[in-house]
Amino acid sequence: MSQHREPDPETRRLEEEARRDENWKRWGPYLSERQWATVREDYSPDGDCWASFPHDHARSRAYRWGEDGLLGITDRQCRLCFALALWNGRDPILKERLFGLTNPEGNHGEDVKECYFYLDATPTSSYLKALYKYPQAEFPYDRLLEENRRRGLDDPEFELVETGVFDEGRYFDVLAEYAKAGPEDILIRITVANRGPEAARLHLLPTLWFRNTWSWGSDYEEGGWPKPFLEQAGEGVISAQHATLGDFRLTAAPGPDGELSPLIFTENETNLQRLYGTDNAGPYVKDAFHEHVIRGKADAVNPARRGTKAAAHYLLDVPARSRRALRLRLRGGRDPGGPAFGEEFDRVFEGRVREAEAFYSGRIPQNLDPEDRRVSRQAYAGLLWSNQSYQWVVSQWLRGDRRQPEPPESRWRLPNAEWRHHLYSRDVISTPDKWEYPAFFVWDTAFHMIPYARIDPEFAKRQLLLFLREWYMAPSGQMPAYEYDLSNVNPPVHAYACWRVYKIGGGAGRRDVGFLERAFQKLLLNFTWWVNRQDRGGRSIFSGGFLGLDNIGVFDRSRPLPTGDYLEQADGTAWMGFYCTTMLAMAVELALHDRAYEDIASKFFEHFVQIADALNNLDGTGLWHEEDGFYYDHLRVGEESLPLRARSLVGWLPLLAVESLEEEVIRPNLPRFEKRMLWFLEYRKDLCRQIALLDQRGEPGRRRMLLALAGCRRLERALRHLLDEREFLSPYGVRSLSAAYRDEPYVFRGDGQEFRVGYVPGDMDSRDFGGNSNWRGPVWFQVNYLLLEALERYHHHYGDDFKVECPTGSGRLMNLAEVAHEIAVRLARLFRADADGVRPCHGPERRFARDPHWRDLPWFHEYFHGDTGQGLGASHQTGWTALIARLLEDCARGREPRRDPAPAADDAEPGRD
């Protein structure tokens, strides 16, 4: 007899949130880390967001669409914000936000130049913990700018740790922790550790402020809100009143010396005098605390102790190698009642820490190595800390606000103008990185939700449905790509994410069919958009621009080709084949509950066959190159199709499109689908050449039919390249470009021009393709993860009898599940410390191996060096790189099948206050 297991407290909170019994997610780490230099804040005539709102403006200029801060929190609509401000007595500015280089300033694009780490988080934000390392010496703003400006594309980026400001431990570890005693009762503990050999002073200003919604004259809801206000309501108490958020109180406990800190107030209003030389609307402006603390201007703050921005000003003298702690509490209601601090405060923190441990112990396998558990736990923490309150109404942004100068007419010619009729965002979104990519990137989001479904399947489902809703998806069915260019085309992986999240949600009979059906209906619109817009000539060969892969191709695929012709893209076609097999699997699943879906399943079956035939046979050979045993993009020149024989990720993406049809599912349940499928296979044999459709395995009644773009022979040949350590297989996963082009780049000559593709395992070596990422050699986690799952699906069909040499030339034969496991182990190696404590992801910086205050602090980068495994690109991309958590769990299970967690409660509509 099975025993009922009571859910842990955090799981109960998730259940209460899903039922809307309690509003546990109203507050969270939803505060951005960079609102300056975003597209939303750019009102320039030329759309240059980096120049129009630089870091130097951020301390003085009110934001229109959001807020940012250091280790902060806010409510889901970003109305009231809390974060830290710091001053070490030497910096030229108050540290209120993270610093980094803009895209033109960095030698490899934009890059945050700070050291901070997400250490822990629960899905309801019942417990949050993050760390910021603040130098005691003057922060080297100018040196970081000048040195990175001096360096070229062939040089590594110059990082903060290389400046020497952390040497001898002369820095503060500032640890921010949050614990919820209730949905609107947030305990805050700030611990400052002086790691240096001498005593050091720190000004610490826990800051509370309202997002400015009153200065603009908005045409939607916010324009009707009265101006909120903060005021002192007693010793150490700040009262906050907002029309829609309600009343809150922030109470600051006495400092370590037993004295209450003074409270200071100002307005979250632009300092027009500093920025533009014009009169301010009032005497108190956004950068008042900078002027008060650093320049000693007492009249910069409001003596009436009232405003829209306030802080407690603590002055901490921290002895050498010692620590000091501060306590604050943010509570809803004008008079919350009861003491703010005392034994209960400590009990709540201790309880929430224990509950976080209990929550993750039920989701991270117990047999995972302790080191891997830490990495997995921090991956989940980064995923949760990267949630952001995102506000953007494109129509209002284009035409400007009633109380502001009218934007230039040229704005109506910007790429995003065509989205003015419907894109209306006021949601909590999962961002790739709240500094480098503080916006939605829809194909990133799809991958974020795979690990997210392990810890909060309800959020994962709602987030995937969100981007299919009518205030994001265009009437044509196109999904917005990302803030910089909503109309760009990213790989169509949303269906895959919906399907995986559905399956992760529970075993057969316990899954959320309603969610799957809602997603499927809207995905039909998006699939149709792809077919109508990206299939040039109706030949089932797809294009689509750079498809998120930046510089992967011989040409810049997001622009007209210099030869004047067009590309037939192996990756575009592969993505659509992958989309087809996923939609087919979803349709079959839905047909088990509603027979009306049988006809739609037939449609996707036949469409897949057409794509597979085109990829493999169009014009005789399709995009397959028999001599090389690989798929390539083709350049269409009139009636001629020329293969671009550069072996890259483009050519192994066709391996991802693989699915099995199970006879024991189809025959008894879907007779109309089976009848149509058998007719199609009998009478359309012209479309079934060279593909795996006729590859059937198993005993009668339990046979499996494989649908794959690459049949058995072509799969085996492509894997020879993929598993060759001289080409794709690195010690840390599968590279995006073959290392065969290290010394001899691929060269294409056409129309009097020469185009070269060389193996570049690290950062990009050219700005010709735009963007700031490199796909010509590094290891990218998300596509590696897709490859692992595809190999497992192939193994499900072929079994242990189908084996390949891995690595190529080694003489070792492995079945495809073993190959997937081998690649997974190599990917895991990125984050695993060797005997000397060195993790490849940290590159040559040895303090992460030797210093106990840095040792257990991995960063989760955007991509990784193809030879050394060093992390590159965005350093806090705990979006798709959070897939390491799922992968480590799989490694712990060896080659056992994945076991998904128990299902969650029914889906709930988004949009809570």
# chains A, B, ... in the order shown; residues from 1 in each chain; ligands from 1
>>> select_by_dssp(residues="region 695-900 of chain A", states="alpha helix (DSSP H)", output="ChimeraX atom specification")
/A:712-722,781-798,816-828,847-850,883-892
>>> residues_around(residues="region 382-386 of chain A", least_positions_apart="4", cutoff="9 Å", atoms="only C-alpha atoms", output="ChimeraX atom specification")
/A:28-32,117-123,125,128,130,377-378,429-434,438,448,451-452,860,876-880,882
>>> closest_residue(among="A:Trp575, A:Tyr746, A:Phe166, A:Tyr220", to="Pro197 (chain A)", atoms="only C-alpha atoms")
A:Phe166
>>> residues_around(residues="Glu889 (chain A)", least_positions_apart="5", cutoff="7 Å", atoms="only C-alpha atoms", output="tab-separated table (two decimals) with C-alpha atoms, in the first residue's frame")
chain	number	residue	atom	x	y	z
A	364	ILE	CA	17.82	16.99	-7.14
A	365	PRO	CA	18.80	13.29	-7.07
A	368	LEU	CA	24.39	13.44	-7.10
>>> closest_atom_pairs(of="region 712-792 of chain A", to="region 652-675 of chain A", cutoff="12 Å", atoms="only C-alpha atoms", output="Markdown table")
| residue | atom | partner | partner_atom | distance |
| --- | --- | --- | --- | --- |
| A:Cys712 | CA | A:Leu655 | CA | 10.5 |
| A:Arg713 | CA | A:Leu655 | CA | 11.9 |
| A:Arg714 | CA | A:Leu655 | CA | 9.3 |
| A:Leu715 | CA | A:Leu655 | CA | 7.0 |
| A:Glu716 | CA | A:Leu655 | CA | 10.3 |
| A:Arg717 | CA | A:Trp652 | CA | 10.8 |
| A:Ala718 | CA | A:Trp652 | CA | 7.0 |
| A:Leu719 | CA | A:Trp652 | CA | 8.4 |
| A:Arg720 | CA | A:Trp652 | CA | 11.1 |
| A:His721 | CA | A:Trp652 | CA | 9.3 |
| A:Leu722 | CA | A:Trp652 | CA | 7.7 |
| A:Leu723 | CA | A:Trp652 | CA | 11.3 |
| A:Phe728 | CA | A:Trp652 | CA | 10.2 |
| A:Val734 | CA | A:Trp652 | CA | 10.4 |
| A:Arg735 | CA | A:Trp652 | CA | 10.7 |
| A:Ser736 | CA | A:Trp652 | CA | 9.3 |
| A:Leu737 | CA | A:Trp652 | CA | 10.1 |
| A:Ser738 | CA | A:Trp652 | CA | 10.9 |
| A:Val783 | CA | A:Leu653 | CA | 8.4 |
| A:Asn784 | CA | A:Leu653 | CA | 10.0 |
| A:Tyr785 | CA | A:Leu656 | CA | 10.2 |
| A:Leu786 | CA | A:Leu656 | CA | 6.7 |
| A:Leu787 | CA | A:Leu656 | CA | 6.0 |
| A:Leu788 | CA | A:Leu656 | CA | 8.9 |
| A:Glu789 | CA | A:Leu656 | CA | 8.1 |
| A:Ala790 | CA | A:Leu656 | CA | 5.2 |
| A:Leu791 | CA | A:Leu656 | CA | 8.1 |
| A:Glu792 | CA | A:Val658 | CA | 9.9 |
>>> residues_around(residues="Ile294 (chain A)", least_positions_apart="6", cutoff="8 Å", atoms="only C-alpha atoms", output="list in words")
Trp87, Gly89, Pro92, Ile93 and Leu94 of chain A
>>> write_last_selection(atoms="N, CA and C atoms", output="mmCIF file, in the first residue's frame")
data_model
loop_
_atom_site.group_PDB
_atom_site.id
_atom_site.type_symbol
_atom_site.label_atom_id
_atom_site.label_comp_id
_atom_site.auth_asym_id
_atom_site.auth_seq_id
_atom_site.Cartn_x
_atom_site.Cartn_y
_atom_site.Cartn_z
ATOM 1 N N TRP A 87 28.958 52.667 -0.979
ATOM 2 C CA TRP A 87 30.079 53.573 -1.259
ATOM 3 C C TRP A 87 31.227 53.229 -0.331
ATOM 4 N N GLY A 89 33.981 55.034 0.014
ATOM 5 C CA GLY A 89 34.742 56.226 0.375
ATOM 6 C C GLY A 89 35.722 56.666 -0.680
ATOM 7 N N PRO A 92 33.980 57.406 -7.489
ATOM 8 C CA PRO A 92 33.452 58.701 -7.939
ATOM 9 C C PRO A 92 31.930 58.762 -7.942
ATOM 10 N N ILE A 93 31.258 57.603 -7.909
ATOM 11 C CA ILE A 93 29.792 57.587 -7.911
ATOM 12 C C ILE A 93 29.299 56.564 -6.891
ATOM 13 N N LEU A 94 28.076 56.784 -6.444
ATOM 14 C CA LEU A 94 27.426 55.827 -5.553
ATOM 15 C C LEU A 94 27.096 54.564 -6.344
#
>>> select_by_dssp(residues="region 589-789 of chain A", states="strand (DSSP E)", output="PyMOL selection string")
chain A and resi 624-625+630-631+634-637+640-643+658-662+696-697+704-708+729-730+733-734+746-750+753-757
>>> closest_atom_pairs(of="region 579-622 of chain A", to="region 490-495 of chain A", cutoff="8 Å", atoms="only C-alpha atoms", output="tab-separated table")
residue	atom	partner	partner_atom	distance
A:Tyr579	CA	A:Pro492	CA	6.6
A:Thr582	CA	A:Ala495	CA	6.5
A:Met583	CA	A:Ala495	CA	6.9
>>> residues_around(residues="Arg195 (chain A)", least_positions_apart="3", cutoff="6 Å", atoms="only C-alpha atoms", output="PDB file with N, CA, C and O atoms, in the first residue's frame")
ATOM      1  N   GLY A 169      42.522  40.270  -0.738  1.00  0.00           N
ATOM      2  CA  GLY A 169      41.202  40.246  -0.124  1.00  0.00           C
ATOM      3  C   GLY A 169      40.660  41.616   0.223  1.00  0.00           C
ATOM      4  O   GLY A 169      39.761  41.730   1.073  1.00  0.00           O
ATOM      5  N   TYR A 171      38.378  43.693  -0.342  1.00  0.00           N
ATOM      6  CA  TYR A 171      37.032  43.914  -0.881  1.00  0.00           C
ATOM      7  C   TYR A 171      36.014  43.500   0.182  1.00  0.00           C
ATOM      8  O   TYR A 171      36.353  42.856   1.181  1.00  0.00           O
ATOM      9  N   ARG A 321      38.904  41.019   8.227  1.00  0.00           N
ATOM     10  CA  ARG A 321      38.429  39.632   8.188  1.00  0.00           C
ATOM     11  C   ARG A 321      37.285  39.381   9.172  1.00  0.00           C
ATOM     12  O   ARG A 321      37.203  38.343   9.815  1.00  0.00           O
TER      13      ARG A 321
END
>>> residues_around(residues="Phe831 (chain A)", least_positions_apart="5", cutoff="12 Å", atoms="only C-alpha atoms", output="PyMOL selection string")
chain A and resi 371-376+378-379+732+824-826+837-843+848-849+855-861+864+869-871+881-882+884-885+887-888
>>> atom_distance(atom1="CA of Leu584 (chain A)", atom2="CA of Tyr597 (chain A)")
9.9 Å
>>> closest_residue(among="A:Pro745, A:Asp628, A:Arg305, A:Leu549", to="Trp775 (chain A)", atoms="only C-alpha atoms")
A:Leu549
>>> residues_around(residues="Glu818 (chain A)", least_positions_apart="4", cutoff="12 Å", atoms="only C-alpha atoms", output="list in words")
Leu788, Glu789, Leu791, Glu792, Tyr794, His795, His796, Gly799, Asp800, Asp801, Phe802, Lys803, Val804, Glu805, Cys806, Pro807, Arg812, Leu813, Met814, Glu822, Ile823, Ala824, Val825, Cys891, Gly894, Arg895, Glu896 and Pro897 of chain A
>>> closest_residue(among="A:Val165, A:Ala37, A:Leu709, A:Leu315", to="Leu101 (chain A)", atoms="only C-alpha atoms")
A:Ala37
>>> closest_residue(among="A:Ala356, A:Ala193, A:Met473, A:Leu706", to="Ser126 (chain A)", atoms="only C-alpha atoms")
A:Ala356
>>> atom_distance(atom1="CA of Gly514 (chain A)", atom2="CA of Glu470 (chain A)")
18.3 Å
>>> closest_residue(among="A:Gln396, A:Thr11, A:Asn616, A:Thr244", to="Gly362 (chain A)", atoms="only C-alpha atoms")
A:Thr11
>>> atom_distance(atom1="CA of Arg676 (chain A)", atom2="CA of Ala708 (chain A)")
19.0 Å
>>> closest_residue(among="A:Arg426, A:Arg13, A:Lys113, A:His203", to="Gly66 (chain A)", atoms="only C-alpha atoms")
A:Arg426
